file model_23.cif (mmCIF, C-alpha atoms)
data_data
loop_
_atom_site.label_atom_id
_atom_site.label_comp_id
_atom_site.auth_asym_id
_atom_site.auth_seq_id
_atom_site.Cartn_x
_atom_site.Cartn_y
_atom_site.Cartn_z
CA MET A 24 -54.87 22.32 30.21
CA LEU A 25 -57.80 23.21 28.01
CA LEU A 26 -57.31 23.06 24.29
CA LEU A 27 -58.92 26.29 23.18
CA GLY A 28 -60.31 26.29 19.71
CA ILE A 29 -61.32 23.38 17.62
CA VAL A 30 -58.99 21.51 15.36
CA LEU A 31 -60.97 20.74 12.28
CA PHE A 32 -60.03 17.88 10.05
CA ILE A 33 -61.91 18.36 6.86
CA ALA A 34 -61.91 15.30 4.67
CA ALA A 35 -61.07 16.12 1.10
CA ALA A 36 -64.18 14.27 -0.05
CA PRO A 37 -67.62 15.57 0.94
CA SER A 38 -70.25 13.12 2.23
CA GLY A 39 -71.90 12.51 -1.14
CA TYR A 40 -74.60 10.08 -2.23
CA GLN A 41 -75.58 7.19 0.01
CA ILE A 42 -77.27 3.93 -0.97
CA GLY A 43 -80.78 4.69 -2.18
CA ASP A 44 -80.14 8.35 -2.98
CA THR A 45 -81.43 9.76 -6.26
CA VAL A 46 -78.61 10.96 -8.48
CA ALA A 47 -78.75 14.38 -10.14
CA ASP A 48 -77.96 14.28 -13.83
CA PHE A 49 -74.71 15.74 -15.12
CA ASN A 50 -73.36 16.98 -18.43
CA LEU A 51 -69.66 16.30 -18.87
CA LYS A 52 -67.27 16.29 -21.80
CA ASN A 53 -66.10 12.97 -23.22
CA THR A 54 -62.67 12.35 -24.71
CA ASP A 55 -64.26 12.50 -28.17
CA GLY A 56 -65.38 16.05 -27.46
CA GLN A 57 -69.07 15.16 -27.12
CA MET A 58 -71.09 15.99 -23.99
CA VAL A 59 -72.57 13.06 -22.08
CA SER A 60 -75.50 12.99 -19.64
CA LEU A 61 -77.40 10.22 -17.91
CA ALA A 62 -80.42 11.43 -19.90
CA ASN A 63 -78.69 10.23 -23.09
CA TYR A 64 -79.21 6.64 -21.97
CA LYS A 65 -82.86 6.13 -22.87
CA ASN A 66 -82.75 2.33 -22.85
CA ALA A 67 -80.39 1.70 -19.97
CA LYS A 68 -81.52 -0.25 -16.90
CA GLY A 69 -78.75 1.38 -14.93
CA ILE A 70 -75.24 2.80 -15.19
CA ILE A 71 -71.91 1.67 -13.77
CA VAL A 72 -70.31 5.01 -12.87
CA ILE A 73 -66.60 4.71 -12.13
CA PHE A 74 -64.53 7.57 -10.72
CA ASP A 75 -61.21 6.82 -12.30
CA CYS A 76 -58.03 8.47 -13.51
CA ASN A 77 -54.95 7.94 -15.65
CA THR A 78 -52.32 8.14 -13.01
CA CYS A 79 -53.28 6.02 -10.02
CA PRO A 80 -51.54 2.61 -9.95
CA TYR A 81 -54.72 1.09 -8.54
CA SER A 82 -56.69 2.47 -11.44
CA LYS A 83 -54.12 0.98 -13.79
CA ALA A 84 -54.44 -2.37 -12.04
CA TYR A 85 -58.19 -2.32 -12.64
CA ASN A 86 -58.13 -0.88 -16.14
CA ASP A 87 -58.70 -4.15 -18.01
CA ARG A 88 -61.42 -5.14 -15.55
CA ILE A 89 -63.21 -1.83 -16.14
CA ILE A 90 -63.09 -2.38 -19.89
CA ALA A 91 -64.39 -5.93 -19.33
CA LEU A 92 -67.29 -4.67 -17.21
CA ASN A 93 -68.52 -2.55 -20.08
CA LYS A 94 -68.10 -5.38 -22.55
CA LYS A 95 -70.14 -7.66 -20.33
CA TYR A 96 -72.87 -5.34 -19.15
CA ALA A 97 -73.44 -2.59 -21.74
CA SER A 98 -75.42 -5.01 -23.92
CA GLN A 99 -77.42 -6.05 -20.86
CA GLY A 100 -78.45 -2.49 -20.10
CA PHE A 101 -75.70 -1.45 -17.67
CA PRO A 102 -73.03 0.52 -19.53
CA VAL A 103 -69.92 1.93 -17.86
CA ILE A 104 -69.30 5.68 -17.60
CA ALA A 105 -65.83 6.61 -16.33
CA ILE A 106 -65.27 10.06 -14.82
CA ASN A 107 -61.92 11.70 -14.13
CA ALA A 108 -62.16 14.55 -11.62
CA ASN A 109 -58.47 15.00 -10.86
CA ASP A 110 -57.20 18.57 -11.04
CA PRO A 111 -54.61 18.49 -13.85
CA GLU A 112 -52.63 21.23 -12.09
CA ILE A 113 -52.02 18.83 -9.22
CA SER A 114 -51.82 15.80 -11.50
CA PRO A 115 -50.61 16.71 -15.02
CA GLY A 116 -50.92 13.10 -16.14
CA ASP A 117 -54.68 13.55 -15.82
CA SER A 118 -54.98 16.42 -18.28
CA PHE A 119 -57.72 16.18 -20.89
CA ASP A 120 -55.14 15.49 -23.60
CA GLU A 121 -53.75 12.63 -21.56
CA MET A 122 -57.27 11.29 -21.04
CA VAL A 123 -57.85 11.38 -24.80
CA SER A 124 -54.56 9.50 -25.27
CA GLN A 125 -55.48 6.84 -22.77
CA ALA A 126 -58.98 6.29 -24.14
CA ARG A 127 -57.51 5.90 -27.61
CA ARG A 128 -54.62 3.69 -26.54
CA LYS A 129 -56.84 1.34 -24.54
CA GLY A 130 -59.68 1.39 -27.06
CA TYR A 131 -62.33 2.55 -24.58
CA ASP A 132 -65.81 1.80 -25.89
CA PHE A 133 -67.40 3.71 -23.04
CA PRO A 134 -67.32 7.40 -22.13
CA TYR A 135 -64.31 8.74 -20.22
CA LEU A 136 -65.60 12.07 -19.00
CA VAL A 137 -63.70 15.00 -17.51
CA ASP A 138 -65.24 16.57 -14.39
CA GLU A 139 -63.56 19.93 -14.81
CA ASN A 140 -65.25 21.72 -11.92
CA GLN A 141 -65.16 18.60 -9.77
CA THR A 142 -68.82 19.22 -8.90
CA VAL A 143 -69.98 15.76 -9.99
CA ALA A 144 -67.27 14.01 -7.99
CA LYS A 145 -68.23 16.13 -4.97
CA ALA A 146 -71.93 15.39 -5.45
CA PHE A 147 -71.18 11.67 -5.51
CA GLY A 148 -68.66 11.98 -2.68
CA ALA A 149 -65.87 10.26 -4.58
CA ALA A 150 -62.88 10.08 -2.26
CA SER A 151 -60.50 7.88 -4.21
CA THR A 152 -59.96 6.11 -7.50
CA PRO A 153 -61.14 3.76 -8.66
CA THR A 154 -64.54 3.95 -6.96
CA VAL A 155 -67.74 2.55 -8.46
CA PHE A 156 -71.30 3.79 -8.05
CA VAL A 157 -73.76 1.33 -9.57
CA LEU A 158 -76.93 3.21 -10.43
CA LYS A 159 -80.26 1.61 -11.11
CA LYS A 160 -82.91 3.31 -13.19
CA THR A 161 -86.51 3.49 -12.04
CA ASN A 162 -88.97 5.60 -14.05
CA ASP A 163 -86.25 7.83 -15.55
CA LYS A 164 -84.64 8.42 -12.17
CA TYR A 165 -81.24 6.98 -11.25
CA SER A 166 -80.57 5.89 -7.70
CA VAL A 167 -77.47 4.45 -6.03
CA ALA A 168 -77.52 0.68 -5.53
CA TYR A 169 -73.84 0.01 -4.78
CA ILE A 170 -70.81 2.05 -3.75
CA GLY A 171 -67.21 0.92 -3.57
CA ALA A 172 -64.60 -1.43 -4.90
CA ILE A 173 -64.70 -3.48 -8.08
CA ASP A 174 -63.60 -6.67 -6.35
CA ASP A 175 -61.51 -7.91 -3.42
CA ASN A 176 -58.13 -8.20 -5.14
CA THR A 177 -56.57 -5.11 -6.69
CA ARG A 178 -53.31 -6.89 -7.46
CA ASP A 179 -54.56 -10.06 -9.16
CA ALA A 180 -57.78 -10.19 -11.18
CA SER A 181 -57.65 -13.98 -11.43
CA ALA A 182 -57.47 -14.27 -7.65
CA ALA A 183 -60.47 -12.04 -6.98
CA ASN A 184 -63.16 -13.93 -5.07
CA LYS A 185 -65.77 -11.31 -4.36
CA LYS A 186 -66.64 -9.45 -7.55
CA TYR A 187 -68.73 -6.77 -5.92
CA VAL A 188 -69.78 -4.80 -9.00
CA GLU A 189 -70.68 -7.88 -11.05
CA GLU A 190 -72.69 -9.27 -8.15
CA ALA A 191 -74.54 -5.98 -7.71
CA VAL A 192 -75.37 -5.62 -11.40
CA ASP A 193 -76.37 -9.30 -11.69
CA ALA A 194 -78.71 -8.85 -8.72
CA LEU A 195 -80.27 -5.73 -10.23
CA LEU A 196 -80.74 -7.50 -13.58
CA ALA A 197 -82.47 -10.37 -11.77
CA GLY A 198 -84.67 -8.04 -9.77
CA LYS A 199 -83.06 -9.23 -6.54
CA PRO A 200 -81.69 -7.11 -3.68
CA VAL A 201 -77.99 -6.23 -3.83
CA ARG A 202 -76.39 -8.27 -1.06
CA THR A 203 -73.24 -6.20 -0.56
CA GLU A 204 -74.17 -2.57 -1.03
CA LYS A 205 -71.03 -0.84 0.17
CA THR A 206 -67.34 -1.75 0.28
CA LYS A 207 -64.08 0.08 0.73
CA ALA A 208 -60.70 -0.25 -0.95
CA ILE A 209 -57.34 1.45 -0.82
CA GLY A 210 -56.98 3.95 -3.64
CA CYS A 211 -55.48 7.26 -4.67
CA ARG A 212 -57.20 10.37 -3.35
CA VAL A 213 -59.22 12.25 -5.91
CA LYS A 214 -57.12 15.37 -6.52
CA TYR A 215 -59.57 18.06 -5.43
CA ARG A 216 -58.46 21.65 -5.76
CA ASN A 217 -57.60 23.47 -2.51
CA SER A 218 -57.61 20.27 -0.46
CA MET N 14 -5.15 -6.36 8.49
CA LYS N 15 -7.53 -9.33 8.88
CA ARG N 16 -9.14 -7.59 11.85
CA VAL N 17 -9.65 -4.38 9.92
CA MET N 18 -11.21 -6.35 7.09
CA SER N 19 -13.62 -8.10 9.48
CA ILE N 20 -14.66 -4.83 11.02
CA LEU N 21 -15.12 -3.25 7.60
CA PHE N 22 -17.15 -6.25 6.49
CA LEU N 23 -19.37 -6.03 9.58
CA LEU N 24 -19.85 -2.31 9.05
CA ALA N 25 -20.79 -2.86 5.42
CA ALA N 26 -23.13 -5.68 6.37
CA GLY N 27 -24.71 -3.46 9.02
CA THR N 28 -25.38 -0.71 6.49
CA ALA N 29 -26.65 -3.16 3.90
CA PHE N 30 -29.17 -4.57 6.33
CA ALA N 31 -30.25 -1.22 7.74
CA GLN N 32 -33.93 -0.36 7.76
CA LYS N 33 -35.88 -3.07 6.00
CA ALA N 34 -39.66 -3.22 5.82
CA SER N 35 -41.33 -6.16 7.57
CA VAL N 36 -44.13 -7.82 5.63
CA VAL N 37 -47.07 -8.34 7.96
CA LYS N 38 -50.71 -9.36 7.96
CA PHE N 39 -53.43 -7.24 9.52
CA ASN N 40 -53.19 -8.96 12.90
CA ALA N 41 -49.85 -7.19 13.38
CA VAL N 42 -51.49 -3.83 12.68
CA GLU N 43 -54.34 -4.72 15.00
CA LYS N 44 -51.81 -5.39 17.77
CA LEU N 45 -50.31 -1.98 17.11
CA LEU N 46 -53.73 -0.31 17.26
CA LYS N 47 -54.38 -1.94 20.64
CA THR N 48 -50.91 -1.45 22.12
CA LYS N 49 -50.70 -0.82 25.87
CA SER N 50 -47.54 1.24 25.45
CA ASP N 51 -47.22 4.58 27.27
CA THR N 52 -46.08 6.31 24.13
CA ILE N 53 -48.32 8.16 21.69
CA GLN N 54 -48.53 6.18 18.46
CA VAL N 55 -48.39 7.90 15.09
CA ILE N 56 -49.40 5.53 12.29
CA ASN N 57 -49.18 6.66 8.69
CA PHE N 58 -50.52 4.74 5.69
CA TRP N 59 -48.51 5.29 2.53
CA ALA N 60 -47.12 3.77 -0.66
CA THR N 61 -43.95 4.42 -2.68
CA TRP N 62 -46.06 5.26 -5.71
CA CYS N 63 -48.22 7.79 -3.86
CA ALA N 64 -46.67 11.21 -4.49
CA PRO N 65 -48.38 13.12 -1.66
CA CYS N 66 -47.50 10.25 0.71
CA VAL N 67 -43.83 10.43 -0.20
CA LYS N 68 -43.84 14.21 0.06
CA GLU N 69 -45.00 14.19 3.69
CA LEU N 70 -42.79 11.32 4.93
CA PRO N 71 -40.08 13.70 6.21
CA LEU N 72 -42.64 15.19 8.61
CA PHE N 73 -43.04 11.77 10.24
CA GLU N 74 -39.31 11.06 10.17
CA GLN N 75 -38.53 14.27 12.03
CA LEU N 76 -40.96 13.44 14.84
CA GLY N 77 -38.17 11.45 16.41
CA THR N 78 -35.65 14.33 16.44
CA ALA N 79 -34.35 15.91 19.62
CA GLY N 80 -36.42 18.56 21.41
CA LYS N 81 -39.79 17.05 20.58
CA PRO N 82 -41.83 14.87 22.96
CA VAL N 83 -41.33 11.21 22.18
CA VAL N 84 -43.86 9.52 19.94
CA LYS N 85 -43.69 6.14 18.25
CA VAL N 86 -43.96 6.38 14.49
CA THR N 87 -44.97 3.39 12.37
CA LEU N 88 -45.21 3.78 8.62
CA ILE N 89 -47.58 1.23 7.16
CA ASN N 90 -46.72 0.67 3.54
CA LEU N 91 -49.36 -0.45 1.08
CA ASP N 92 -47.25 -1.37 -1.93
CA PHE N 93 -48.08 -4.88 -3.18
CA ALA N 94 -46.07 -7.45 -1.20
CA ASP N 95 -44.18 -8.64 -4.27
CA LYS N 96 -42.69 -5.14 -4.49
CA LEU N 97 -40.80 -5.51 -1.19
CA GLU N 98 -37.44 -4.91 -2.83
CA ARG N 99 -38.68 -1.66 -4.31
CA VAL N 100 -39.94 -0.56 -0.90
CA ASN N 101 -36.59 -1.40 0.71
CA ALA N 102 -34.67 0.38 -2.04
CA PHE N 103 -36.89 3.42 -1.52
CA MET N 104 -36.28 3.34 2.23
CA SER N 105 -32.55 3.05 1.69
CA ARG N 106 -32.50 5.92 -0.80
CA LYS N 107 -34.57 8.21 1.44
CA ASN N 108 -32.77 7.03 4.58
CA ILE N 109 -36.04 6.18 6.31
CA LYS N 110 -35.39 5.50 9.99
CA SER N 111 -38.95 4.96 11.17
CA LYS N 112 -40.33 1.46 11.50
CA VAL N 113 -42.00 0.32 8.27
CA LEU N 114 -44.53 -2.48 8.04
CA LEU N 115 -45.60 -3.60 4.57
CA LEU N 116 -49.19 -4.66 5.09
CA ASP N 117 -49.89 -7.65 2.88
CA GLU N 118 -53.67 -7.85 3.22
CA ILE N 119 -55.18 -7.38 -0.21
CA ASP N 120 -58.82 -7.81 0.85
CA TYR N 121 -58.96 -4.16 1.87
CA ASN N 122 -62.62 -4.15 2.72
CA THR N 123 -61.99 -6.48 5.67
CA TRP N 124 -59.74 -4.06 7.55
CA ILE N 125 -60.15 -0.43 6.46
CA ASP N 126 -62.99 0.12 8.94
CA LYS N 127 -60.91 -1.45 11.71
CA VAL N 128 -58.41 1.37 11.33
CA ASP N 129 -61.12 4.01 11.26
CA LYS N 130 -64.77 3.88 10.22
CA SER N 131 -64.51 7.31 8.58
CA TRP N 132 -61.66 6.18 6.32
CA ASN N 133 -62.72 5.91 2.69
CA GLY N 134 -59.51 4.08 1.80
CA ALA N 135 -57.60 6.93 0.20
CA ILE N 136 -53.95 7.44 1.11
CA PRO N 137 -52.14 9.16 2.67
CA ALA N 138 -54.00 8.68 5.91
CA THR N 139 -52.77 9.09 9.48
CA LEU N 140 -53.97 7.74 12.80
CA VAL N 141 -52.73 9.10 16.12
CA ILE N 142 -53.44 7.16 19.32
CA ASN N 143 -52.76 7.92 22.96
CA PRO N 144 -52.83 4.37 24.41
CA LYS N 145 -53.00 5.68 27.99
CA THR N 146 -56.20 7.66 27.53
CA GLY N 147 -57.63 5.92 24.50
CA ALA N 148 -57.82 9.22 22.67
CA ARG N 149 -57.43 8.87 18.93
CA LYS N 150 -57.56 11.13 15.89
CA PHE N 151 -57.73 10.06 12.26
CA ALA N 152 -57.12 12.15 9.16
CA GLU N 153 -57.57 11.06 5.56
CA LYS N 154 -55.38 13.80 4.14
CA GLU N 155 -51.83 14.92 3.54
CA PHE N 156 -50.11 17.27 5.98
CA ALA N 157 -48.93 20.58 4.59
CA ASP N 158 -46.36 21.13 7.34
CA ALA N 159 -44.98 19.93 10.66
CA LYS N 160 -47.35 22.25 12.56
CA GLU N 161 -50.45 20.44 11.22
CA LEU N 162 -49.07 17.09 12.30
CA GLU N 163 -48.07 18.51 15.70
CA GLN N 164 -51.61 19.83 16.18
CA MET N 165 -53.03 16.38 15.54
CA ILE N 166 -50.65 14.85 18.09
CA SER N 167 -51.40 17.58 20.63
CA ALA N 168 -55.08 16.83 20.26
CA VAL N 169 -54.61 13.39 21.85
CA ARG N 170 -52.09 14.29 24.58
#

call {"tool": "encode", "arguments": {"input": "model_23.cif", "output": "structure tokens"}}
result
Amino acid sequence: MLLLGIVLFIAAAPSGYQIGDTVADFNLKNTDGQMVSLANYKNAKGIIVIFDCNTCPYSKAYNDRIIALNKKYASQGFPVIAINANDPEISPGDSFDEMVSQARRKGYDFPYLVDENQTVAKAFGAASTPTVFVLKKTNDKYSVAYIGAIDDNTRDASAANKKYVEEAVDALLAGKPVRTEKTKAIGCRVKYRNS
Amino acid sequence: MKRVMSILFLLAAGTAFAQKASVVKFNAVEKLLKTKSDTIQVINFWATWCAPCVKELPLFEQLGTAGKPVVKVTLINLDFADKLERVNAFMSRKNIKSKVLLLDEIDYNTWIDKVDKSWNGAIPATLVINPKTGARKFAEKEFADAKELEQMISAVR
């Protein structure tokens, strides 16, 4: 019996940037009310972009490690920028007010931006949180050098063996190729509208 | 009286031990993915803390009810393994009858692609396999209703 018609399974996340792609700049609001763009970072060698949120238990498990990444790498030219694209109607815990609360409570010394229209998350192709895009800067253009997980152990930071983001940034700082360019991890779906 | 007490005890014990999750490594999931069974396999990846996952669980539970073609449902739980008691308490509370495997394989990057190369790792996610024909369908999304899930199963029949 022929199945007439096509059953379409549309993934909530669009395809997004791949390794090597140039990243379009964005202009998103930080929890301190200021707007932040990649262009603001005149002296950066790259950016550690992390699609994150307040509510996902996996994001919570990585929270201290995200803070530590900024502490380690901002001074070396690779600051962290966290972006929350979750629709607060679907996930009230991810409202802007809640983001402000979290940034304050955890003492974030990096931007925690709200992607209100979800266009930046869609451009990157962020499917889940937390997901990292390590960008390297070449002649004022940012390109993607690594996509994926922070390390290989969500549950236990001290038991993590493969620290993917650190290895990628260390390689970029040393002018060496990034050995592991793409990884996957279990995470919470980014709460896109109408998905 | 003693007999009644023994029977009551056995009944209570039976209920207390009903529906527990089995903690497994990925090789158990791999076996499931390669099963030679005649029955269509419906494999759902979920966690107790994942609201959309929990919301759609009843759709998988009701796949076993009378009147529908038989499929084998396996719910693969991704809570951390040290949260087994919480998973079992959840299953007891929600009266989950489907088989639940708690996958204790924290190095996610080693197995996500083995489930499906298109999977980004977000949950809920569902894989449907027809072992007889090899047909398979994967969806990294939550199901709005029973019809959507039925369509996915029909697609592999």

call {"tool": "residues_around", "arguments": {"input": "model_23.cif", "residues": "Lys207 (chain A)", "least_positions_apart": "4", "cutoff": "10 Å", "atoms": "only C-alpha atoms", "output": "PyMOL selection string"}}
result
(chain A and resi 151+154+170-175) or (chain N and resi 120-126+132-135)

call {"tool": "residues_around", "arguments": {"input": "model_23.cif", "residues": "Gly147 (chain N)", "least_positions_apart": "4", "cutoff": "9 Å", "atoms": "all atoms listed in the file", "output": "list in words"}}
result
Ile142, Asn143 and Val169 of chain N

call {"tool": "resolve_selection", "arguments": {"input": "model_23.cif", "expression": "the PyMOL selection byres ((chain N and resi 72) around 10)", "output": "list in words"}}
result
Lys68, Glu69, Leu70, Pro71, Phe73, Glu74, Gln75, Leu76, Gly77, Phe156, Ala157, Asp158, Ala159, Lys160, Glu161, Leu162 and Glu163 of chain N

call {"tool": "closest_residue", "arguments": {"input": "model_23.cif", "among": "N:Val83, N:Lys110, N:Lys145, N:Asn101", "to": "Ser50 (chain N)", "atoms": "all atoms listed in the file"}}
result
N:Lys145

call {"tool": "closest_residue", "arguments": {"input": "model_23.cif", "among": "A:Cys79, A:Ile113, A:Ala62, A:Ala126", "to": "Asn217 (chain A)", "atoms": "all atoms listed in the file"}}
result
A:Ile113

call {"tool": "closest_residue", "arguments": {"input": "model_23.cif", "among": "A:Lys52, A:Lys205, A:Arg88, A:Lys65", "to": "Thr177 (chain A)", "atoms": "only C-alpha atoms"}}
result
A:Arg88

call {"tool": "closest_residue", "arguments": {"input": "model_23.cif", "among": "N:Arg99, N:Lys130, N:Lys47, N:Lys107", "to": "chain A", "atoms": "only C-alpha atoms"}}
result
N:Lys130

call {"tool": "resolve_selection", "arguments": {"input": "model_23.cif", "expression": "the PyMOL selection byres ((chain A) within 6 of (chain N))", "output": "short mmCIF file (atom, residue, chain, number, x, y, z; two decimals) with C-alpha atoms, in the coordinates of the input"}}
result
data_model
loop_
_atom_site.label_atom_id
_atom_site.label_comp_id
_atom_site.auth_asym_id
_atom_site.auth_seq_id
_atom_site.Cartn_x
_atom_site.Cartn_y
_atom_site.Cartn_z
CA SER A 151 -60.50 7.88 -4.21
CA ASP A 175 -61.51 -7.91 -3.42
CA ASN A 176 -58.13 -8.20 -5.14
CA THR A 206 -67.34 -1.75 0.28
CA LYS A 207 -64.08 0.08 0.73
CA ALA A 208 -60.70 -0.25 -0.95
CA ILE A 209 -57.34 1.45 -0.82
CA GLY A 210 -56.98 3.95 -3.64
CA CYS A 211 -55.48 7.26 -4.67
CA ARG A 212 -57.20 10.37 -3.35
#

call {"tool": "resolve_selection", "arguments": {"input": "model_23.cif", "expression": "the PyMOL selection byres ((chain A and resi 147) around 10)", "output": "list in words"}}
result
Ala36, Pro37, Ser38, Gly39, Tyr40, Gln41, Asp44, Val46, Ala47, Val72, Phe74, Thr142, Val143, Ala144, Lys145, Ala146, Gly148, Ala149, Ala150, Phe156, Val167 and Ile170 of chain A

call {"tool": "write_last_selection", "arguments": {"input": "model_23.cif", "atoms": "C-alpha atoms", "output": "compact mmCIF listing (two decimals), in the coordinates of the input"}}
result
# COMPACT_ATOMS: atom_id res chain seq x y z
CA ALA A 36 -64.18 14.27 -0.05
CA PRO A 37 -67.62 15.57 0.94
CA SER A 38 -70.25 13.12 2.23
CA GLY A 39 -71.90 12.51 -1.14
CA TYR A 40 -74.60 10.08 -2.23
CA GLN A 41 -75.58 7.19 0.01
CA ASP A 44 -80.14 8.35 -2.98
CA VAL A 46 -78.61 10.96 -8.48
CA ALA A 47 -78.75 14.38 -10.14
CA VAL A 72 -70.31 5.01 -12.87
CA PHE A 74 -64.53 7.57 -10.72
CA THR A 142 -68.82 19.22 -8.90
CA VAL A 143 -69.98 15.76 -9.99
CA ALA A 144 -67.27 14.01 -7.99
CA LYS A 145 -68.23 16.13 -4.97
CA ALA A 146 -71.93 15.39 -5.45
CA GLY A 148 -68.66 11.98 -2.68
CA ALA A 149 -65.87 10.26 -4.58
CA ALA A 150 -62.88 10.08 -2.26
CA PHE A 156 -71.30 3.79 -8.05
CA VAL A 167 -77.47 4.45 -6.03
CA ILE A 170 -70.81 2.05 -3.75
